[in-house]
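File shown here: input.txt, holding compact mmCIF, C-alpha atoms.
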# COMPACT_ATOMS: atom_id res chain seq x y z
CA MET A 1 82.65 100.39 9.83
CA THR A 2 79.23 101.84 9.11
CA ASP A 3 76.17 100.75 11.04
CA PHE A 4 74.27 97.82 9.66
CA SER A 5 70.85 96.44 10.43
CA GLN A 6 71.54 92.77 9.69
CA GLU A 7 74.49 90.46 9.48
CA LEU A 8 74.94 87.41 7.27
CA ASP A 9 77.79 85.02 7.93
CA ALA A 10 78.48 83.13 4.70
CA SER A 11 81.86 81.83 5.88
CA GLY A 12 82.76 78.44 4.44
CA LEU A 13 80.13 78.68 1.72
CA ASN A 14 81.08 78.52 -1.93
CA CYS A 15 79.63 80.00 -5.13
CA PRO A 16 76.77 80.73 -5.58
CA LEU A 17 75.59 80.33 -1.97
CA PRO A 18 76.89 83.63 -0.53
CA ILE A 19 75.01 85.55 -3.25
CA LEU A 20 71.84 83.49 -2.84
CA ARG A 21 71.87 83.87 0.95
CA ALA A 22 72.47 87.62 0.61
CA LYS A 23 69.61 87.94 -1.86
CA LYS A 24 67.33 86.15 0.60
CA ALA A 25 68.44 88.31 3.53
CA LEU A 26 67.94 91.51 1.51
CA GLY A 27 64.48 90.33 0.55
CA ALA A 28 63.41 90.45 4.19
CA MET A 29 64.85 93.93 4.73
CA ALA A 30 63.48 97.40 4.11
CA SER A 31 64.80 99.80 1.50
CA GLY A 32 67.81 101.75 2.77
CA GLU A 33 68.77 99.17 5.40
CA VAL A 34 72.31 97.84 5.34
CA LEU A 35 73.32 94.19 5.27
CA LYS A 36 76.76 93.17 6.47
CA ILE A 37 78.06 90.02 4.78
CA ILE A 38 81.04 87.95 5.88
CA ALA A 39 82.45 85.47 3.35
CA THR A 40 85.52 83.33 2.86
CA ASP A 41 85.05 82.56 -0.85
CA PRO A 42 87.60 84.71 -2.74
CA GLY A 43 85.26 84.70 -5.76
CA SER A 44 82.66 86.55 -3.71
CA VAL A 45 84.59 89.85 -4.04
CA LYS A 46 83.92 90.12 -7.75
CA ASP A 47 80.53 88.45 -7.43
CA PHE A 48 79.12 90.92 -4.89
CA ASP A 49 80.35 93.78 -7.07
CA SER A 50 78.50 92.26 -10.05
CA PHE A 51 75.44 91.48 -7.93
CA ALA A 52 75.23 95.12 -6.83
CA LYS A 53 75.62 96.43 -10.37
CA GLN A 54 72.88 94.18 -11.68
CA THR A 55 70.37 94.48 -8.87
CA GLY A 56 70.75 98.17 -8.03
CA ASN A 57 71.58 97.48 -4.37
CA GLU A 58 74.54 99.60 -3.33
CA LEU A 59 77.82 97.96 -2.35
CA MET A 60 79.00 100.54 0.18
CA GLU A 61 82.09 98.69 1.29
CA SER A 62 84.12 95.68 0.25
CA LYS A 63 87.28 94.76 2.12
CA GLU A 64 89.44 91.92 3.33
CA GLU A 65 90.08 91.54 7.03
CA GLY A 66 91.94 88.71 8.70
CA GLY A 67 91.47 86.33 5.78
CA LYS A 68 87.74 87.07 5.50
CA PHE A 69 85.86 89.24 3.07
CA LEU A 70 83.48 91.83 4.44
CA PHE A 71 80.78 93.59 2.49
CA LEU A 72 78.22 96.24 3.30
CA MET A 73 75.25 96.25 1.00
CA LYS A 74 72.49 98.86 1.14
CA LYS A 75 69.13 97.64 -0.05
CA LYS A 76 67.66 99.53 -2.99
CA MET B 1 55.44 91.79 -21.44
CA SER B 2 57.75 92.22 -18.48
CA ASP B 3 61.05 94.03 -18.85
CA GLU B 4 62.84 91.41 -16.77
CA LYS B 5 65.77 89.73 -18.46
CA LYS B 6 65.17 86.11 -19.33
CA LEU B 7 67.39 83.02 -19.15
CA ALA B 8 66.45 79.77 -20.86
CA ILE B 9 68.43 76.59 -20.20
CA ILE B 10 68.19 73.12 -21.70
CA ALA B 11 69.53 70.51 -19.26
CA THR B 12 70.38 67.27 -21.04
CA LYS B 13 72.77 65.54 -18.64
CA GLY B 14 71.98 63.61 -15.47
CA SER B 15 75.33 63.00 -13.81
CA LEU B 16 76.44 64.74 -10.61
CA ASP B 17 79.00 66.99 -12.28
CA TRP B 18 76.70 68.02 -15.12
CA ALA B 19 73.85 68.70 -12.70
CA TYR B 20 75.64 71.73 -11.29
CA PRO B 21 75.77 74.23 -14.18
CA PRO B 22 72.01 74.44 -14.82
CA PHE B 23 71.06 74.78 -11.14
CA ILE B 24 73.90 77.19 -10.24
CA LEU B 25 73.16 79.43 -13.20
CA ALA B 26 69.39 79.31 -12.79
CA SER B 27 69.43 80.06 -9.06
CA THR B 28 71.93 82.89 -9.50
CA ALA B 29 70.05 84.36 -12.45
CA ALA B 30 66.86 84.32 -10.38
CA ALA B 31 68.70 86.15 -7.59
CA LEU B 32 69.78 88.76 -10.12
CA GLY B 33 66.21 89.29 -11.19
CA TYR B 34 66.09 87.14 -14.30
CA GLU B 35 62.97 85.26 -15.20
CA THR B 36 64.36 81.76 -15.61
CA GLU B 37 63.23 78.51 -17.15
CA ILE B 38 64.96 75.13 -17.38
CA PHE B 39 63.82 72.55 -19.89
CA PHE B 40 64.88 69.04 -18.82
CA THR B 41 65.28 66.50 -21.57
CA PHE B 42 66.81 63.04 -21.95
CA TYR B 43 69.18 62.27 -19.04
CA GLY B 44 68.54 65.73 -17.61
CA LEU B 45 65.17 64.40 -16.44
CA GLN B 46 66.99 62.49 -13.69
CA LEU B 47 67.58 65.86 -12.04
CA LEU B 48 63.85 66.18 -11.37
CA ARG B 49 63.58 63.08 -9.20
CA LYS B 50 62.55 63.74 -5.60
CA LYS B 51 65.16 61.25 -4.47
CA LEU B 52 68.42 62.00 -6.23
CA ASN B 53 71.25 59.52 -6.45
CA LEU B 54 73.53 61.34 -8.85
CA GLN B 55 76.79 59.71 -9.78
CA VAL B 56 80.07 60.81 -11.28
CA THR B 57 82.56 58.69 -13.17
CA SER B 58 86.09 59.14 -14.45
CA LEU B 59 85.41 56.65 -17.25
CA GLY B 60 85.51 58.49 -20.55
CA ASN B 61 86.49 61.61 -18.62
CA PRO B 62 90.30 61.69 -18.41
CA ALA B 63 90.22 65.29 -17.13
CA MET B 64 88.52 64.40 -13.86
CA PRO B 65 90.95 65.13 -11.03
CA MET B 66 91.70 62.00 -9.01
CA PRO B 67 93.28 61.87 -5.55
CA MET B 68 95.69 59.26 -6.94
CA PRO B 69 96.28 57.83 -10.43
CA VAL B 70 94.05 54.80 -11.06
CA PRO B 71 94.42 52.75 -14.26
CA VAL B 72 91.32 52.96 -16.45
CA ILE B 73 90.68 49.21 -16.23
CA MET B 74 90.50 49.53 -12.44
CA GLN B 75 88.11 52.47 -12.70
CA ALA B 76 85.66 50.10 -14.40
CA LEU B 77 85.53 47.68 -11.45
CA PRO B 78 82.23 47.21 -9.60
CA GLY B 79 81.80 49.72 -6.80
CA MET B 80 84.27 52.21 -8.22
CA GLN B 81 81.62 54.59 -9.53
CA ALA B 82 79.77 54.58 -6.21
CA MET B 83 83.04 55.20 -4.39
CA MET B 84 84.07 58.07 -6.68
CA SER B 85 80.60 59.61 -6.36
CA SER B 86 80.61 59.51 -2.59
CA MET B 87 84.17 60.89 -2.48
CA MET B 88 83.12 63.75 -4.77
CA LYS B 89 80.05 64.50 -2.65
CA SER B 90 82.03 64.59 0.58
CA LYS B 91 84.66 66.82 -1.02
CA MET B 92 81.95 69.22 -2.18
CA LYS B 93 80.41 69.31 1.27
CA LYS B 94 83.79 70.01 2.86
CA LYS B 95 84.39 72.88 0.44
CA GLY B 96 81.04 74.51 1.13
CA VAL B 97 79.61 73.69 -2.30
CA ALA B 98 75.83 73.38 -2.17
CA SER B 99 74.22 70.01 -2.84
CA ILE B 100 72.09 69.65 -5.96
CA GLU B 101 69.03 69.20 -3.72
CA GLU B 102 69.76 72.52 -2.03
CA LEU B 103 70.30 74.39 -5.31
CA ARG B 104 67.16 72.87 -6.77
CA ASP B 105 65.15 73.92 -3.71
CA LEU B 106 66.52 77.44 -4.10
CA CYS B 107 65.47 77.44 -7.75
CA VAL B 108 61.95 76.33 -6.85
CA GLU B 109 61.79 78.94 -4.10
CA ALA B 110 62.88 81.63 -6.58
CA GLU B 111 60.13 80.52 -8.96
CA VAL B 112 62.43 79.15 -11.64
CA LYS B 113 60.12 77.33 -14.02
CA LEU B 114 61.03 73.65 -14.41
CA ILE B 115 59.76 71.91 -17.52
CA ALA B 116 60.05 68.20 -18.18
CA CYS B 117 60.24 66.97 -21.76
CA GLN B 118 57.07 64.95 -22.28
CA MET B 119 58.59 62.91 -25.10
CA THR B 120 61.50 61.71 -22.96
CA VAL B 121 59.16 60.95 -20.05
CA ASP B 122 57.21 58.66 -22.40
CA LEU B 123 60.33 57.24 -24.05
CA PHE B 124 61.98 56.12 -20.82
CA GLU B 125 58.64 55.44 -19.10
CA PHE B 126 59.49 57.67 -16.17
CA ASP B 127 57.07 57.49 -13.27
CA THR B 128 56.15 61.16 -12.87
CA SER B 129 55.10 60.59 -9.25
CA GLU B 130 58.83 60.27 -8.56
CA PHE B 131 59.41 63.84 -9.76
CA VAL B 132 59.36 66.92 -7.56
CA SER B 133 56.04 68.72 -7.55
CA GLY B 134 55.33 71.98 -9.33
CA ILE B 135 56.97 71.04 -12.63
CA GLU B 136 55.32 71.40 -16.01
CA TYR B 137 55.38 69.08 -18.99
CA GLY B 138 55.92 70.19 -22.55
CA GLY B 139 57.71 69.75 -25.82
CA ALA B 140 60.01 71.64 -28.15
CA ALA B 141 57.37 74.24 -29.03
CA THR B 142 56.78 74.93 -25.31
CA PHE B 143 60.48 75.57 -24.91
CA PHE B 144 60.61 78.01 -27.81
CA GLU B 145 57.70 80.02 -26.47
CA PHE B 146 59.97 81.18 -23.65
CA ALA B 147 63.41 80.73 -25.28
CA GLY B 148 62.38 82.86 -28.25
CA GLN B 149 62.09 85.87 -25.97
CA SER B 150 65.12 85.04 -23.82
CA ASP B 151 68.22 87.19 -23.51
CA ILE B 152 70.43 84.21 -22.77
CA CYS B 153 69.86 80.66 -23.93
CA LEU B 154 72.12 77.80 -22.86
CA TYR B 155 72.33 74.17 -23.87
CA ILE B 156 73.94 72.13 -21.11

Write out the structure in this file as structure tokens.
Amino acid sequence: MTDFSQELDASGLNCPLPILRAKKALGAMASGEVLKIIATDPGSVKDFDSFAKQTGNELMESKEEGGKFLFLMKKK
Amino acid sequence: MSDEKKLAIIATKGSLDWAYPPFILASTAAALGYETEIFFTFYGLQLLRKKLNLQVTSLGNPAMPMPMPVPVIMQALPGMQAMMSSMMKSKMKKKGVASIEELRDLCVEAEVKLIACQMTVDLFEFDTSEFVSGIEYGGAATFFEFAGQSDICLYI
């Protein structure tokens, strides 16, 4: 997995909390930095894709690993 | 004029289940970069109280999932509503669903504009000191000033 500058564990949280927490974490980061997000909400897969499309942040990776969903999001 | 997208919501219901859609949509829209405004009217004003005690009931709502079948006449017994509400809240907590207080805080933090319907405040003689701070008061024309330029407008 690519390097990341911050990690957000949104395990156990349901819609829309993973998105809102990610938005907050990205807000405190610099452009080009990468946020790693861990989630257990199956809806988050489609939601992070939509979030990236609408906000211009780049979803570099989205995968499932051991029952968890992992995302890498590069701040615009 | 900003080129941000705009979402306008009218929140008219004050029960626990109906409190979710406006706050979920508003907080998410704000995270997506929407300028967002919620106009609270009638029972929706209950959602602005500092101290929330939102309830849910299966009465008149046959679609509400119940852990076990309960005859309607039993659902009307004293204490049933409080019991159903606390069961719903603990289920939500267990499933990682945010509380209304949390979602509302996130909305305020994201600068979602909260507007209370002045007419309903007067009608029900609400004590505005019981409302969260930072809200504005207005009427139908106030709502249209923003809603008229909105990209999405929802009545909930």

Practice item. Fewer than 5 positions away in the same chain doesn't count, so skip those; otherwise give me all residues within 7 Å of B:Ala11, counting all atoms listed in the file, as a list in words. Key: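 Close residues of B:Ala11: Pro22, Ile38, Phe39, Phe40, Thr41, Gly44, Tyr155 and Ile156 of chain B.
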
Residues of chain A that approach chain B to 7 Å or less, counting all atoms listed in the file: could you list each one with the shortest pair of atoms and its distance in Å to one decimal, rows by chain and increasing residue number, as CSV?
residue,atom,partner,partner_atom,distance
A:Gly12,CA,B:Gly96,CA,5.4
A:Leu13,CA,B:Gly96,CA,4.3
A:Asn14,CA,B:Gly96,CA,5.0
A:Cys15,CA,B:Val97,CA,6.9
A:Pro16,CA,B:Ile24,CA,6.5
A:Leu17,CA,B:Ala98,CA,7.0
A:Leu20,CA,B:Ala31,CA,6.3
A:Lys23,CA,B:Ala31,CA,6.1
A:Phe51,CA,B:Leu32,CA,6.7
A:Gln54,CA,B:Leu32,CA,6.4
A:Thr55,CA,B:Leu32,CA,5.9

- Message: Just checking: using all atoms listed in the file, which residue out of B:Ile9, B:Ala19, B:Ile152, B:Leu45 ends up closest to B:Thr128?
- Response: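 Of the candidates, the smallest distance to B:Thr128 is held by B:Leu45.
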
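The closest residue to A:Gln6, picked from A:Lys36, A:Lys46, A:Lys75, A:Lys68 and counting all atoms listed in the file, is A:Lys36.
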
### Task
Identify, on the basis of all atoms listed in the file, every residue whose closest approach to A:Asp49 does not exceed 12 Å; exclude the query and any residue fewer than 6 positions from it along the same chain; express the result as a list in words.
Ile19, Gly43, Thr55, Gly56, Asn57, Glu58, Leu59, Met60, Glu61, Ser62, Lys63, Phe71, Leu72 and Met73 of chain A

- What residues have an atom no more than 6 Å from (62.9, 65.8, -3.2) in the file's own frame, counting all atoms listed in the file, and can you write them as a ChimeraX atom specification? /B:50-51,132

Residues at most 12 Å from stretch 54-59 of chain B, counting all atoms listed in the file, excluding those fewer than 6 positions away in the same chain, as an mmCIF file with C-alpha atoms, in the frame of the given file?
data_model
loop_
_atom_site.group_PDB
_atom_site.id
_atom_site.type_symbol
_atom_site.label_atom_id
_atom_site.label_comp_id
_atom_site.auth_asym_id
_atom_site.auth_seq_id
_atom_site.Cartn_x
_atom_site.Cartn_y
_atom_site.Cartn_z
ATOM 1 C CA LYS B 13 72.770 65.540 -18.640
ATOM 2 C CA GLY B 14 71.980 63.610 -15.470
ATOM 3 C CA SER B 15 75.330 63.000 -13.810
ATOM 4 C CA LEU B 16 76.440 64.740 -10.610
ATOM 5 C CA ASP B 17 79.000 66.990 -12.280
ATOM 6 C CA TRP B 18 76.700 68.020 -15.120
ATOM 7 C CA ALA B 19 73.850 68.700 -12.700
ATOM 8 C CA TYR B 20 75.640 71.730 -11.290
ATOM 9 C CA TYR B 43 69.180 62.270 -19.040
ATOM 10 C CA GLY B 44 68.540 65.730 -17.610
ATOM 11 C CA LEU B 45 65.170 64.400 -16.440
ATOM 12 C CA GLN B 46 66.990 62.490 -13.690
ATOM 13 C CA LEU B 47 67.580 65.860 -12.040
ATOM 14 C CA LEU B 48 63.850 66.180 -11.370
ATOM 15 C CA PRO B 65 90.950 65.130 -11.030
ATOM 16 C CA MET B 66 91.700 62.000 -9.010
ATOM 17 C CA PRO B 67 93.280 61.870 -5.550
ATOM 18 C CA PRO B 69 96.280 57.830 -10.430
ATOM 19 C CA VAL B 70 94.050 54.800 -11.060
ATOM 20 C CA PRO B 71 94.420 52.750 -14.260
ATOM 21 C CA VAL B 72 91.320 52.960 -16.450
ATOM 22 C CA ILE B 73 90.680 49.210 -16.230
ATOM 23 C CA MET B 74 90.500 49.530 -12.440
ATOM 24 C CA GLN B 75 88.110 52.470 -12.700
ATOM 25 C CA ALA B 76 85.660 50.100 -14.400
ATOM 26 C CA LEU B 77 85.530 47.680 -11.450
ATOM 27 C CA GLY B 79 81.800 49.720 -6.800
ATOM 28 C CA MET B 80 84.270 52.210 -8.220
ATOM 29 C CA GLN B 81 81.620 54.590 -9.530
ATOM 30 C CA ALA B 82 79.770 54.580 -6.210
ATOM 31 C CA MET B 83 83.040 55.200 -4.390
ATOM 32 C CA MET B 84 84.070 58.070 -6.680
ATOM 33 C CA SER B 85 80.600 59.610 -6.360
ATOM 34 C CA SER B 86 80.610 59.510 -2.590
ATOM 35 C CA MET B 87 84.170 60.890 -2.480
ATOM 36 C CA MET B 88 83.120 63.750 -4.770
ATOM 37 C CA LYS B 89 80.050 64.500 -2.650
ATOM 38 C CA SER B 99 74.220 70.010 -2.840
ATOM 39 C CA ILE B 100 72.090 69.650 -5.960
ATOM 40 C CA GLU B 101 69.030 69.200 -3.720
#

Shell of 7 Å around A:Ala39, all atoms listed in the file, local chain residues under 3 positions omitted, as a list in words: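 Counting all atoms listed in the file, the residues come to Asp9, Ala10, Ser11, Lys68, Phe69 and Leu70 of chain A.
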
Discussion item. Quick check, in Å to one decimal: how far apart do atom CA of B:Glu145 and atom CA of B:Met119 lie?
Written reply: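 So the answer is 17.2 Å.
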
Atom pair atom CA of B:Phe124 / atom CA of B:Ala8: separation (Å):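 The value is 24.1 Å.
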
Checklist line | Long-range neighbours of B:Phe143 as a VMD selection string, 9 Å cut-off, only C-alpha atoms, 4 positions minimum in chain | finding: chain B and resid 8 10 37 to 39 115 138 to 139 147 to 148

Just to confirm, what's the straight-line distance from atom CA of B:Lys113 to atom CA of B:Pro21 in Å (one decimal)?
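Separation of atom CA of B:Lys113 and atom CA of B:Pro21: 16.0 Å.
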
Next item on the list: Can you work out which one of A:Arg21, A:Asp47, A:Gly67, A:Glu7 has the shortest atom-to-atom distance to A:Glu33, counting only C-alpha atoms?
Entry: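 Checking each candidate against A:Glu33, we get A:Glu7 as the closest.
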
Stretch 2-14 of chain A, all listed atoms, 3 Å padding on each side: what axis-aligned box centre and edge lengths in Å to one decimal come out, as AutoDock Vina command-line options?
--center_x 76.8 --center_y 90.1 --center_z 4.6 --size_x 17.9 --size_y 29.4 --size_z 19.0

With distances taken over all atoms listed in the file, the candidate from B:Asp105, B:Ser90, B:Tyr34, B:Arg49 nearest B:Glu130 is B:Arg49

For stretch 65-76 of chain A, which lacks atoms in the input, supply all heavy atoms and format the output as a short mmCIF file (atom, residue, chain, number, x, y, z; two decimals), in the frame of the given file.
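Result went into out.cif, see below:
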data_model
loop_
_atom_site.label_atom_id
_atom_site.label_comp_id
_atom_site.auth_asym_id
_atom_site.auth_seq_id
_atom_site.Cartn_x
_atom_site.Cartn_y
_atom_site.Cartn_z
N GLU A 65 89.63 91.33 5.66
CA GLU A 65 90.08 91.54 7.03
C GLU A 65 90.34 90.19 7.67
O GLU A 65 89.42 89.39 7.81
CB GLU A 65 88.99 92.31 7.80
CG GLU A 65 89.52 93.18 8.93
CD GLU A 65 88.39 93.99 9.55
OE1 GLU A 65 87.68 93.42 10.41
OE2 GLU A 65 88.22 95.14 9.16
N GLY A 66 91.57 89.96 8.03
CA GLY A 66 91.94 88.71 8.70
C GLY A 66 91.54 87.47 7.93
O GLY A 66 91.02 86.51 8.51
N GLY A 67 91.76 87.50 6.61
CA GLY A 67 91.47 86.33 5.78
C GLY A 67 90.00 86.16 5.43
O GLY A 67 89.61 85.18 4.81
N LYS A 68 89.16 87.12 5.85
CA LYS A 68 87.74 87.07 5.50
C LYS A 68 87.37 88.28 4.66
O LYS A 68 88.05 89.31 4.70
CB LYS A 68 86.87 87.04 6.76
CG LYS A 68 87.10 85.78 7.57
CD LYS A 68 85.91 85.46 8.44
CE LYS A 68 86.05 84.06 9.00
NZ LYS A 68 84.83 83.57 9.60
N PHE A 69 86.31 88.14 3.90
CA PHE A 69 85.86 89.24 3.07
C PHE A 69 84.59 89.84 3.67
O PHE A 69 83.66 89.10 4.01
CB PHE A 69 85.61 88.75 1.64
CG PHE A 69 86.82 88.09 1.04
CD1 PHE A 69 86.94 86.71 1.03
CD2 PHE A 69 87.86 88.87 0.52
CE1 PHE A 69 88.09 86.10 0.52
CE2 PHE A 69 89.00 88.27 0.00
CZ PHE A 69 89.11 86.88 0.01
N LEU A 70 84.62 91.15 3.83
CA LEU A 70 83.48 91.83 4.44
C LEU A 70 82.83 92.77 3.44
O LEU A 70 83.51 93.50 2.72
CB LEU A 70 83.93 92.65 5.65
CG LEU A 70 84.71 91.88 6.73
CD1 LEU A 70 85.14 92.83 7.84
CD2 LEU A 70 83.84 90.76 7.31
N PHE A 71 81.52 92.73 3.41
CA PHE A 71 80.78 93.59 2.49
C PHE A 71 79.66 94.30 3.23
O PHE A 71 79.06 93.74 4.14
CB PHE A 71 80.14 92.75 1.37
CG PHE A 71 81.11 91.84 0.67
CD1 PHE A 71 81.24 90.51 1.08
CD2 PHE A 71 81.89 92.30 -0.38
CE1 PHE A 71 82.13 89.66 0.45
CE2 PHE A 71 82.79 91.46 -1.01
CZ PHE A 71 82.90 90.13 -0.60
N LEU A 72 79.39 95.53 2.80
CA LEU A 72 78.22 96.24 3.30
C LEU A 72 77.35 96.56 2.09
O LEU A 72 77.81 97.20 1.14
CB LEU A 72 78.63 97.55 3.99
CG LEU A 72 79.24 97.42 5.39
CD1 LEU A 72 79.60 98.79 5.91
CD2 LEU A 72 78.28 96.71 6.35
N MET A 73 76.14 96.07 2.13
CA MET A 73 75.25 96.25 1.00
C MET A 73 73.98 96.95 1.45
O MET A 73 73.30 96.50 2.37
CB MET A 73 74.92 94.87 0.41
CG MET A 73 73.99 94.88 -0.75
SD MET A 73 74.68 94.56 -2.37
CE MET A 73 75.89 93.33 -2.20
N LYS A 74 73.68 98.08 0.80
CA LYS A 74 72.49 98.86 1.14
C LYS A 74 71.36 98.46 0.20
O LYS A 74 71.53 98.51 -1.03
CB LYS A 74 72.79 100.35 1.00
CG LYS A 74 71.70 101.25 1.56
CD LYS A 74 71.99 102.69 1.16
CE LYS A 74 71.93 103.62 2.36
NZ LYS A 74 72.36 104.98 2.01
N LYS A 75 70.26 98.08 0.78
CA LYS A 75 69.13 97.64 -0.05
C LYS A 75 68.52 98.79 -0.83
O LYS A 75 68.30 99.87 -0.29
CB LYS A 75 68.07 96.96 0.81
CG LYS A 75 66.94 96.44 -0.07
CD LYS A 75 65.97 95.56 0.65
CE LYS A 75 64.85 95.22 -0.33
NZ LYS A 75 63.86 94.32 0.23
N LYS A 76 68.25 98.52 -2.10
CA LYS A 76 67.66 99.53 -2.99
C LYS A 76 66.29 99.93 -2.47
O LYS A 76 65.50 99.09 -2.08
CB LYS A 76 67.54 98.93 -4.40
CG LYS A 76 67.04 99.92 -5.43
CD LYS A 76 67.19 99.38 -6.85
CE LYS A 76 66.18 98.29 -7.17
NZ LYS A 76 66.06 98.01 -8.60
#
